[in-house]
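Chemist: What follows is model-v5.cif, mmCIF, N, CA and C atoms and all ligand atoms.
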```cif
data_my_file
#
loop_
_atom_site.label_atom_id
_atom_site.label_comp_id
_atom_site.auth_asym_id
_atom_site.auth_seq_id
_atom_site.Cartn_x
_atom_site.Cartn_y
_atom_site.Cartn_z
N MET F 1 1.31 15.44 0.22
CA MET F 1 0.17 15.69 -0.68
C MET F 1 -0.90 14.63 -0.43
N TYR F 2 -2.08 15.09 -0.08
CA TYR F 2 -3.17 14.17 0.18
C TYR F 2 -3.91 13.83 -1.10
N VAL F 3 -4.36 12.58 -1.17
CA VAL F 3 -5.09 12.18 -2.37
C VAL F 3 -6.40 12.97 -2.46
N GLN F 4 -6.74 13.37 -3.67
CA GLN F 4 -8.00 14.07 -3.89
C GLN F 4 -9.04 13.06 -4.34
N PRO F 5 -10.30 13.30 -3.96
CA PRO F 5 -11.34 12.32 -4.30
C PRO F 5 -11.37 11.96 -5.79
N HIS F 6 -11.13 12.95 -6.66
CA HIS F 6 -11.22 12.66 -8.09
C HIS F 6 -10.03 11.82 -8.58
N GLU F 7 -9.00 11.69 -7.74
CA GLU F 7 -7.84 10.90 -8.16
C GLU F 7 -8.00 9.42 -7.86
N LEU F 8 -8.96 9.09 -7.03
CA LEU F 8 -9.11 7.69 -6.64
C LEU F 8 -9.48 6.83 -7.84
N GLY F 9 -8.74 5.75 -8.01
CA GLY F 9 -9.03 4.81 -9.08
C GLY F 9 -8.58 5.28 -10.45
N GLN F 10 -7.93 6.44 -10.52
CA GLN F 10 -7.58 6.98 -11.83
C GLN F 10 -6.18 6.57 -12.30
N GLY F 11 -5.36 6.08 -11.39
CA GLY F 11 -3.99 5.78 -11.78
C GLY F 11 -3.22 7.06 -12.03
N VAL F 12 -2.12 6.93 -12.78
CA VAL F 12 -1.29 8.10 -13.09
C VAL F 12 -1.85 8.76 -14.33
N VAL F 13 -2.26 10.02 -14.20
CA VAL F 13 -2.89 10.67 -15.35
C VAL F 13 -1.93 11.57 -16.12
N ASP F 14 -0.85 12.00 -15.49
CA ASP F 14 0.03 12.94 -16.20
C ASP F 14 1.09 12.23 -17.05
N GLY F 15 1.08 10.91 -17.03
CA GLY F 15 1.99 10.16 -17.88
C GLY F 15 3.43 10.15 -17.41
N SER F 16 3.69 10.68 -16.24
CA SER F 16 5.08 10.68 -15.77
C SER F 16 5.51 9.26 -15.40
N PRO F 17 6.79 8.97 -15.61
CA PRO F 17 7.26 7.60 -15.41
C PRO F 17 7.43 7.27 -13.93
N CYS F 18 7.36 5.98 -13.62
CA CYS F 18 7.72 5.54 -12.28
C CYS F 18 9.23 5.73 -12.10
N MET F 19 9.62 6.01 -10.89
CA MET F 19 11.02 6.29 -10.63
C MET F 19 11.53 5.48 -9.45
N MET F 20 12.82 5.24 -9.49
CA MET F 20 13.46 4.59 -8.37
C MET F 20 14.77 5.32 -8.12
N ASP F 21 14.98 5.74 -6.88
CA ASP F 21 16.17 6.51 -6.54
C ASP F 21 16.32 7.72 -7.47
N GLY F 22 15.19 8.29 -7.88
CA GLY F 22 15.22 9.49 -8.69
C GLY F 22 15.43 9.26 -10.18
N GLU F 23 15.56 7.99 -10.59
CA GLU F 23 15.76 7.68 -12.01
C GLU F 23 14.48 7.07 -12.57
N PRO F 24 14.04 7.52 -13.74
CA PRO F 24 12.86 6.91 -14.35
C PRO F 24 13.12 5.44 -14.69
N VAL F 25 12.17 4.58 -14.39
CA VAL F 25 12.31 3.16 -14.74
C VAL F 25 11.02 2.68 -15.38
N SER F 26 11.15 1.79 -16.33
CA SER F 26 9.95 1.27 -16.98
C SER F 26 9.64 -0.14 -16.51
N GLU F 27 10.65 -0.84 -16.02
CA GLU F 27 10.45 -2.22 -15.58
C GLU F 27 10.49 -2.27 -14.05
N PRO F 28 9.62 -3.08 -13.45
CA PRO F 28 9.73 -3.25 -12.00
C PRO F 28 11.09 -3.85 -11.66
N PRO F 29 11.65 -3.51 -10.52
CA PRO F 29 12.96 -4.06 -10.17
C PRO F 29 12.88 -5.57 -9.99
N ALA F 30 13.92 -6.26 -10.47
CA ALA F 30 13.96 -7.72 -10.34
C ALA F 30 14.06 -8.10 -8.86
N ASN F 31 14.87 -7.36 -8.17
CA ASN F 31 15.03 -7.63 -6.75
C ASN F 31 14.08 -6.74 -5.96
N ARG F 32 13.01 -7.33 -5.45
CA ARG F 32 12.01 -6.52 -4.79
C ARG F 32 12.53 -5.95 -3.48
N HIS F 33 13.62 -6.51 -2.99
CA HIS F 33 14.17 -5.96 -1.76
C HIS F 33 14.93 -4.67 -2.05
N HIS F 34 15.13 -4.40 -3.35
CA HIS F 34 15.69 -3.10 -3.67
C HIS F 34 14.65 -2.01 -3.45
N ARG F 35 13.40 -2.43 -3.30
CA ARG F 35 12.33 -1.47 -3.04
C ARG F 35 12.52 -0.93 -1.63
N PRO F 36 13.24 0.14 -1.48
CA PRO F 36 13.49 0.65 -0.14
C PRO F 36 12.31 1.49 0.32
N ARG F 37 12.37 1.99 1.52
CA ARG F 37 11.28 2.84 1.99
C ARG F 37 11.55 4.27 1.55
N LYS F 38 12.24 4.39 0.41
CA LYS F 38 12.63 5.72 -0.07
C LYS F 38 11.43 6.58 -0.43
N TYR F 39 10.31 5.93 -0.74
CA TYR F 39 9.17 6.76 -1.16
C TYR F 39 8.70 7.67 -0.04
N LYS F 40 8.91 7.21 1.21
CA LYS F 40 8.54 8.09 2.31
C LYS F 40 9.44 9.32 2.33
N LYS F 41 10.72 9.06 2.08
CA LYS F 41 11.67 10.16 2.03
C LYS F 41 11.32 11.10 0.86
N ALA F 42 10.95 10.51 -0.27
CA ALA F 42 10.59 11.30 -1.45
C ALA F 42 9.36 12.16 -1.15
N LEU F 43 8.42 11.56 -0.46
CA LEU F 43 7.19 12.26 -0.09
C LEU F 43 7.52 13.45 0.82
N TRP F 44 8.39 13.16 1.76
CA TRP F 44 8.78 14.20 2.71
C TRP F 44 9.48 15.34 2.00
N ARG F 45 10.40 14.96 1.09
CA ARG F 45 11.17 15.98 0.39
C ARG F 45 10.27 16.83 -0.51
N ALA F 46 9.32 16.18 -1.18
CA ALA F 46 8.48 16.89 -2.15
C ALA F 46 7.40 17.72 -1.46
N TYR F 47 6.82 17.18 -0.40
CA TYR F 47 5.64 17.85 0.15
C TYR F 47 5.78 18.23 1.62
N GLY F 48 6.83 17.72 2.27
CA GLY F 48 7.01 18.06 3.68
C GLY F 48 5.98 17.44 4.60
N VAL F 49 5.38 16.33 4.16
CA VAL F 49 4.41 15.64 5.01
C VAL F 49 4.69 14.15 5.02
N LEU F 50 4.30 13.50 6.08
CA LEU F 50 4.40 12.05 6.18
C LEU F 50 3.05 11.52 6.64
N PRO F 51 2.74 10.25 6.29
CA PRO F 51 1.45 9.71 6.73
C PRO F 51 1.38 9.60 8.25
N LYS F 52 0.23 9.88 8.78
CA LYS F 52 -0.01 9.65 10.21
C LYS F 52 -0.20 8.15 10.42
N PRO F 53 -0.21 7.71 11.70
CA PRO F 53 -0.31 6.26 11.94
C PRO F 53 -1.55 5.61 11.32
N ASN F 54 -2.61 6.39 11.12
CA ASN F 54 -3.82 5.79 10.54
C ASN F 54 -3.92 6.04 9.04
N GLU F 55 -2.80 6.41 8.44
CA GLU F 55 -2.81 6.68 6.99
C GLU F 55 -1.77 5.83 6.28
N CYS F 56 -1.96 5.70 4.98
CA CYS F 56 -1.05 4.93 4.15
C CYS F 56 -0.41 5.86 3.12
N VAL F 57 0.72 5.41 2.59
CA VAL F 57 1.21 6.03 1.37
C VAL F 57 0.56 5.26 0.22
N MET F 58 -0.18 5.97 -0.59
CA MET F 58 -0.84 5.33 -1.72
C MET F 58 -0.05 5.63 -2.99
N HIS F 59 0.14 4.62 -3.81
CA HIS F 59 0.79 4.80 -5.10
C HIS F 59 -0.28 4.90 -6.17
N LEU F 60 -0.36 6.02 -6.85
CA LEU F 60 -1.31 6.13 -7.96
C LEU F 60 -1.00 5.06 -9.00
N CYS F 61 0.30 4.73 -9.14
CA CYS F 61 0.74 3.79 -10.17
C CYS F 61 0.68 2.34 -9.69
N ASP F 62 0.36 2.11 -8.43
CA ASP F 62 0.30 0.76 -7.87
C ASP F 62 1.65 0.05 -7.83
N ASN F 63 2.74 0.77 -8.05
CA ASN F 63 4.06 0.15 -7.96
C ASN F 63 4.68 0.51 -6.62
N GLY F 64 4.70 -0.47 -5.74
CA GLY F 64 5.14 -0.21 -4.38
C GLY F 64 6.57 0.29 -4.28
N TRP F 65 7.35 0.03 -5.31
CA TRP F 65 8.76 0.42 -5.28
C TRP F 65 8.98 1.83 -5.82
N CYS F 66 7.96 2.42 -6.40
CA CYS F 66 8.12 3.71 -7.08
C CYS F 66 8.29 4.84 -6.06
N ASP F 67 9.23 5.74 -6.31
CA ASP F 67 9.39 6.88 -5.40
C ASP F 67 9.26 8.21 -6.14
N ASN F 68 8.55 8.20 -7.27
CA ASN F 68 8.22 9.45 -7.95
C ASN F 68 7.15 10.17 -7.12
N PRO F 69 7.51 11.33 -6.54
CA PRO F 69 6.54 11.99 -5.65
C PRO F 69 5.22 12.31 -6.33
N GLN F 70 5.26 12.45 -7.67
CA GLN F 70 4.00 12.74 -8.38
C GLN F 70 3.05 11.55 -8.34
N HIS F 71 3.59 10.37 -8.02
CA HIS F 71 2.75 9.17 -7.97
C HIS F 71 2.36 8.83 -6.53
N LEU F 72 2.86 9.60 -5.59
CA LEU F 72 2.63 9.27 -4.18
C LEU F 72 1.57 10.18 -3.58
N ARG F 73 0.69 9.56 -2.83
CA ARG F 73 -0.32 10.34 -2.13
C ARG F 73 -0.46 9.77 -0.73
N ILE F 74 -0.78 10.65 0.20
CA ILE F 74 -1.17 10.18 1.52
C ILE F 74 -2.67 9.94 1.49
N ALA F 75 -3.07 8.78 1.95
CA ALA F 75 -4.49 8.43 1.89
C ALA F 75 -4.89 7.71 3.17
N THR F 76 -6.16 7.77 3.48
CA THR F 76 -6.67 6.95 4.57
C THR F 76 -6.81 5.52 4.04
N TYR F 77 -6.97 4.59 4.95
CA TYR F 77 -7.14 3.20 4.51
C TYR F 77 -8.37 3.05 3.63
N SER F 78 -9.44 3.77 3.99
CA SER F 78 -10.65 3.59 3.19
C SER F 78 -10.49 4.19 1.79
N GLN F 79 -9.74 5.29 1.70
CA GLN F 79 -9.47 5.85 0.36
C GLN F 79 -8.61 4.88 -0.46
N ASN F 80 -7.64 4.28 0.21
CA ASN F 80 -6.77 3.33 -0.46
C ASN F 80 -7.56 2.12 -0.95
N THR F 81 -8.50 1.68 -0.13
CA THR F 81 -9.37 0.56 -0.50
C THR F 81 -10.22 0.92 -1.70
N LEU F 82 -10.77 2.12 -1.63
CA LEU F 82 -11.63 2.58 -2.72
C LEU F 82 -10.85 2.65 -4.03
N ASP F 83 -9.63 3.17 -3.95
CA ASP F 83 -8.77 3.28 -5.13
C ASP F 83 -8.55 1.90 -5.75
N ALA F 84 -8.21 0.94 -4.90
CA ALA F 84 -7.93 -0.41 -5.40
C ALA F 84 -9.20 -1.04 -5.96
N THR F 85 -10.32 -0.78 -5.30
CA THR F 85 -11.58 -1.37 -5.74
C THR F 85 -11.98 -0.83 -7.11
N ILE F 86 -11.84 0.47 -7.29
CA ILE F 86 -12.20 1.07 -8.58
C ILE F 86 -11.27 0.54 -9.67
N LYS F 87 -9.96 0.46 -9.36
CA LYS F 87 -9.01 -0.02 -10.36
C LYS F 87 -9.29 -1.45 -10.78
N ARG F 88 -9.77 -2.23 -9.84
CA ARG F 88 -10.10 -3.61 -10.17
C ARG F 88 -11.46 -3.74 -10.83
N GLY F 89 -12.16 -2.64 -10.90
CA GLY F 89 -13.50 -2.70 -11.51
C GLY F 89 -14.51 -3.38 -10.62
N GLY F 90 -14.18 -3.50 -9.35
CA GLY F 90 -15.07 -4.19 -8.44
C GLY F 90 -16.16 -3.28 -7.92
N SER F 91 -17.01 -3.81 -7.10
CA SER F 91 -18.09 -3.00 -6.55
C SER F 91 -17.53 -2.13 -5.45
N LEU F 92 -18.19 -1.01 -5.24
CA LEU F 92 -17.74 -0.10 -4.20
C LEU F 92 -18.33 -0.46 -2.85
N GLY F 93 -19.21 -1.44 -2.85
CA GLY F 93 -19.89 -1.77 -1.59
C GLY F 93 -19.17 -2.83 -0.79
N GLY F 94 -17.95 -3.17 -1.19
CA GLY F 94 -17.23 -4.22 -0.47
C GLY F 94 -17.00 -3.85 0.97
N ASP F 95 -16.84 -4.86 1.79
CA ASP F 95 -16.66 -4.58 3.21
C ASP F 95 -15.19 -4.71 3.59
N ARG F 96 -14.35 -4.66 2.58
CA ARG F 96 -12.93 -4.83 2.88
C ARG F 96 -12.39 -3.57 3.56
N PRO F 97 -11.92 -3.71 4.78
CA PRO F 97 -11.44 -2.50 5.45
C PRO F 97 -10.01 -2.15 5.10
N HIS F 98 -9.41 -2.89 4.22
CA HIS F 98 -8.00 -2.63 3.95
C HIS F 98 -7.70 -2.86 2.48
N ALA F 99 -6.92 -1.96 1.90
CA ALA F 99 -6.65 -2.02 0.49
C ALA F 99 -5.81 -3.23 0.12
N LYS F 100 -6.12 -3.77 -1.03
CA LYS F 100 -5.21 -4.68 -1.72
C LYS F 100 -4.89 -5.94 -0.94
N LEU F 101 -5.60 -6.17 0.15
CA LEU F 101 -5.41 -7.42 0.89
C LEU F 101 -6.75 -8.14 0.91
N THR F 102 -6.68 -9.46 0.92
CA THR F 102 -7.89 -10.23 1.13
C THR F 102 -7.83 -10.80 2.54
N LYS F 103 -8.95 -11.33 2.97
CA LYS F 103 -9.02 -11.97 4.27
C LYS F 103 -7.95 -13.07 4.36
N ALA F 104 -7.83 -13.84 3.30
CA ALA F 104 -6.83 -14.92 3.29
C ALA F 104 -5.42 -14.36 3.44
N ASP F 105 -5.17 -13.21 2.80
CA ASP F 105 -3.85 -12.57 2.93
C ASP F 105 -3.57 -12.25 4.40
N VAL F 106 -4.60 -11.69 5.06
CA VAL F 106 -4.40 -11.26 6.44
C VAL F 106 -4.13 -12.46 7.34
N PHE F 107 -4.87 -13.55 7.12
CA PHE F 107 -4.58 -14.77 7.90
C PHE F 107 -3.14 -15.21 7.68
N GLU F 108 -2.73 -15.16 6.42
CA GLU F 108 -1.38 -15.60 6.10
C GLU F 108 -0.34 -14.66 6.75
N MET F 109 -0.62 -13.37 6.73
CA MET F 109 0.30 -12.41 7.35
C MET F 109 0.42 -12.69 8.84
N ARG F 110 -0.71 -12.95 9.48
CA ARG F 110 -0.68 -13.22 10.93
C ARG F 110 0.09 -14.51 11.22
N ARG F 111 -0.09 -15.49 10.33
CA ARG F 111 0.61 -16.75 10.52
C ARG F 111 2.13 -16.54 10.38
N LEU F 112 2.52 -15.80 9.36
CA LEU F 112 3.95 -15.54 9.14
C LEU F 112 4.55 -14.78 10.32
N ARG F 113 3.77 -13.85 10.87
CA ARG F 113 4.27 -13.08 12.01
C ARG F 113 4.47 -14.00 13.22
N LEU F 114 3.51 -14.93 13.42
CA LEU F 114 3.64 -15.88 14.53
C LEU F 114 4.89 -16.74 14.36
N GLU F 115 5.23 -16.99 13.10
CA GLU F 115 6.44 -17.76 12.83
C GLU F 115 7.70 -16.92 12.98
N GLY F 116 7.53 -15.63 13.23
CA GLY F 116 8.69 -14.79 13.53
C GLY F 116 9.17 -13.94 12.36
N MET F 117 8.43 -13.94 11.26
CA MET F 117 8.87 -13.10 10.14
C MET F 117 8.69 -11.62 10.52
N SER F 118 9.61 -10.78 10.07
CA SER F 118 9.53 -9.35 10.44
C SER F 118 8.38 -8.67 9.70
N TYR F 119 7.88 -7.61 10.28
CA TYR F 119 6.81 -6.85 9.63
C TYR F 119 7.25 -6.36 8.25
N GLN F 120 8.52 -5.94 8.17
CA GLN F 120 9.01 -5.43 6.89
C GLN F 120 8.96 -6.51 5.82
N ARG F 121 9.41 -7.72 6.16
CA ARG F 121 9.41 -8.80 5.15
C ARG F 121 7.99 -9.18 4.76
N ILE F 122 7.11 -9.19 5.74
CA ILE F 122 5.72 -9.52 5.43
C ILE F 122 5.13 -8.44 4.51
N ALA F 123 5.41 -7.19 4.85
CA ALA F 123 4.91 -6.08 4.03
C ALA F 123 5.43 -6.21 2.60
N ASP F 124 6.72 -6.54 2.47
CA ASP F 124 7.31 -6.70 1.14
C ASP F 124 6.60 -7.81 0.37
N GLN F 125 6.37 -8.92 1.08
CA GLN F 125 5.76 -10.07 0.41
C GLN F 125 4.36 -9.75 -0.11
N PHE F 126 3.62 -8.94 0.65
CA PHE F 126 2.25 -8.64 0.24
C PHE F 126 2.14 -7.29 -0.46
N ASN F 127 3.30 -6.65 -0.67
CA ASN F 127 3.34 -5.40 -1.42
C ASN F 127 2.48 -4.30 -0.80
N VAL F 128 2.58 -4.20 0.52
CA VAL F 128 1.93 -3.09 1.21
C VAL F 128 3.00 -2.40 2.05
N VAL F 129 2.69 -1.20 2.51
CA VAL F 129 3.66 -0.53 3.37
C VAL F 129 3.63 -1.19 4.74
N VAL F 130 4.73 -1.04 5.46
CA VAL F 130 4.88 -1.80 6.70
C VAL F 130 3.81 -1.42 7.72
N SER F 131 3.38 -0.17 7.72
CA SER F 131 2.34 0.20 8.70
C SER F 131 1.02 -0.50 8.38
N CYS F 132 0.76 -0.72 7.11
CA CYS F 132 -0.46 -1.46 6.73
C CYS F 132 -0.38 -2.90 7.24
N ALA F 133 0.80 -3.52 7.06
CA ALA F 133 0.99 -4.90 7.52
C ALA F 133 0.85 -4.94 9.04
N TYR F 134 1.49 -4.00 9.69
CA TYR F 134 1.45 -3.96 11.16
C TYR F 134 0.01 -3.85 11.65
N ASN F 135 -0.73 -2.94 11.04
CA ASN F 135 -2.11 -2.72 11.47
C ASN F 135 -3.00 -3.93 11.24
N ALA F 136 -2.79 -4.59 10.10
CA ALA F 136 -3.60 -5.78 9.81
C ALA F 136 -3.26 -6.91 10.78
N ILE F 137 -1.98 -7.10 11.02
CA ILE F 137 -1.54 -8.20 11.89
C ILE F 137 -2.00 -7.96 13.33
N ASN F 138 -1.98 -6.71 13.75
CA ASN F 138 -2.33 -6.40 15.13
C ASN F 138 -3.79 -6.00 15.32
N GLU F 139 -4.60 -6.31 14.30
CA GLU F 139 -6.05 -6.11 14.38
C GLU F 139 -6.45 -4.66 14.62
N ILE F 140 -5.57 -3.73 14.19
CA ILE F 140 -5.97 -2.32 14.19
C ILE F 140 -6.92 -2.14 13.00
N THR F 141 -6.58 -2.83 11.90
CA THR F 141 -7.53 -3.02 10.81
C THR F 141 -7.85 -4.52 10.81
N TRP F 142 -8.80 -4.91 10.02
CA TRP F 142 -9.17 -6.34 9.94
C TRP F 142 -9.48 -6.92 11.31
N LYS F 143 -10.29 -6.19 12.07
CA LYS F 143 -10.67 -6.66 13.41
C LYS F 143 -11.69 -7.79 13.30
N GLY F 144 -11.59 -8.72 14.24
CA GLY F 144 -12.66 -9.69 14.41
C GLY F 144 -12.88 -10.66 13.28
N ILE F 145 -11.85 -10.91 12.49
CA ILE F 145 -12.03 -11.92 11.42
C ILE F 145 -11.54 -13.28 11.88
N GLY F 146 -11.06 -13.36 13.12
CA GLY F 146 -10.61 -14.66 13.63
C GLY F 146 -9.21 -14.97 13.13
N ASN F 147 -8.76 -16.16 13.43
CA ASN F 147 -7.38 -16.51 13.11
C ASN F 147 -7.24 -17.63 12.10
N ALA F 148 -8.35 -18.11 11.61
CA ALA F 148 -8.25 -19.20 10.65
C ALA F 148 -9.25 -18.99 9.52
N ILE F 149 -8.93 -19.51 8.38
CA ILE F 149 -9.85 -19.41 7.26
C ILE F 149 -10.94 -20.45 7.43
N GLU F 150 -12.19 -19.98 7.44
CA GLU F 150 -13.27 -20.94 7.53
C GLU F 150 -13.28 -21.79 6.26
N GLN F 151 -13.50 -23.04 6.41
CA GLN F 151 -13.54 -23.91 5.23
C GLN F 151 -14.98 -24.02 4.74
ZN ZN F 201 5.00 5.30 -10.06
#
```
Show me, as structure tokens, the structure contained in the file I just sent.

Modeler:
Amino acid sequence: MYVQPHELGQGVVDGSPCMMDGEPVSEPPANRHHRPRKYKKALWRAYGVLPKPNECVMHLCDNGWCDNPQHLRIATYSQNTLDATIKRGGSLGGDRPHAKLTKADVFEMRRLRLEGMSYQRIADQFNVVVSCAYNAINEITWKGIGNAIEQ
């Protein structure tokens, strides 16, 4: 299911609960590593589609661990950015090419990768899907920002 323009920045409108392993949950899991990549499986089962390499799984609820298919949408990076920007009440004119990450985050992700941390662990730490982390680290997104934070 692809995100619809009117859904961007709206969060979950039908009031359905976030779910994990098919069970409704109200509290985020204490162990974030319990957040499996099940949402992709849930997406596949519910809609028969998976994100293409240039797309993200977007959570309407912003809970990366949630696998309620009603909260999952396939979105482009720019839609994902727009969603996050609207939710934060920020301006829509930002030049951020990637959702929910800042320039400093991307520098930190690249540094962690150089130190040998896996893409999955980095993605978990920054609460993005692994393809988003991979793309940011490998300059598929966040091109040309250099490798160090300007002081
Ligand atoms: Zn949810």

Chemist: List all protein, DNA and RNA residues that have at least one atom no more than 12 Å from any atom of ligand ZN 201 (chain F), counting only C-alpha atoms and all ligand atoms, and write them as a PyMOL selection string.

Modeler: chain F and resi 11-28+39+42+58-73

Chemist: Give me, please, the distance in Å between atom C of Gln120 (chain F) and atom N of Glu7 (chain F), quoted to one decimal.

Modeler: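 Those two atoms sit 28.9 Å apart.
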
Chemist: How far is it from atom C of Lys87 (chain F) to atom N of Gln10 (chain F), in Å with one decimal?

Modeler: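 For atom C of Lys87 (chain F) relative to atom N of Gln10 (chain F), the distance reads 8.0 Å.
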
Chemist: Name the residues of region 12-128 of chain F that fall into strand (DSSP E or B) according to DSSP on the backbone, using the chain letters and numbers of this document, as a list in words.

Modeler: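 Those residues are Met19, Met20, Glu23, Pro24, Glu55, Cys56, Val57, Met58, His59, Leu72, Arg73, Ile74, Ala75 and Thr76 of chain F.
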
Chemist: State, in Å with one decimal place, the distance from atom N of Lys100 (chain F) to CA of Tyr2 (chain F).

Modeler: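 About the pair atom N of Lys100 (chain F) and CA of Tyr2 (chain F): they are 18.2 Å apart.
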
Chemist: Which of chain F counts as alpha helix (DSSP H) under DSSP, as a ChimeraX atom specification please?

Modeler: /F:38-47,77-87,103-114,119-126,130-137

Chemist: Tell me which of F:Ile86, F:Cys132, F:Leu43, F:Leu112 sits closest to Cys56 (chain F), counting only N, CA and C atoms.

Modeler: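 Nearest candidate to Cys56 (chain F) out of F:Ile86, F:Cys132, F:Leu43, F:Leu112: F:Cys132.
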
Chemist: Could you tell me which of F:His6, F:Asn80, F:Lys103, F:Pro53 comes closest to Ile145 (chain F) if we count all atoms listed in the file?

Modeler: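 That would be F:Lys103, the residue with the smallest distance to Ile145 (chain F).
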
Chemist: Which is closer to Phe107 (chain F) than all the others in F:Val129, F:Ile137, F:Asp124, F:Val49, using all atoms listed in the file?

Modeler: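 That would be F:Ile137, the residue with the smallest distance to Phe107 (chain F).
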
Chemist: Please determine, counting all atoms listed in the file, which residue among F:Lys40, F:Leu114, F:Leu82, F:Arg45 has the shortest atom-to-atom distance to Leu8 (chain F).

Modeler: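 Counting all atoms listed in the file, the residue closest to Leu8 (chain F) is F:Leu82.
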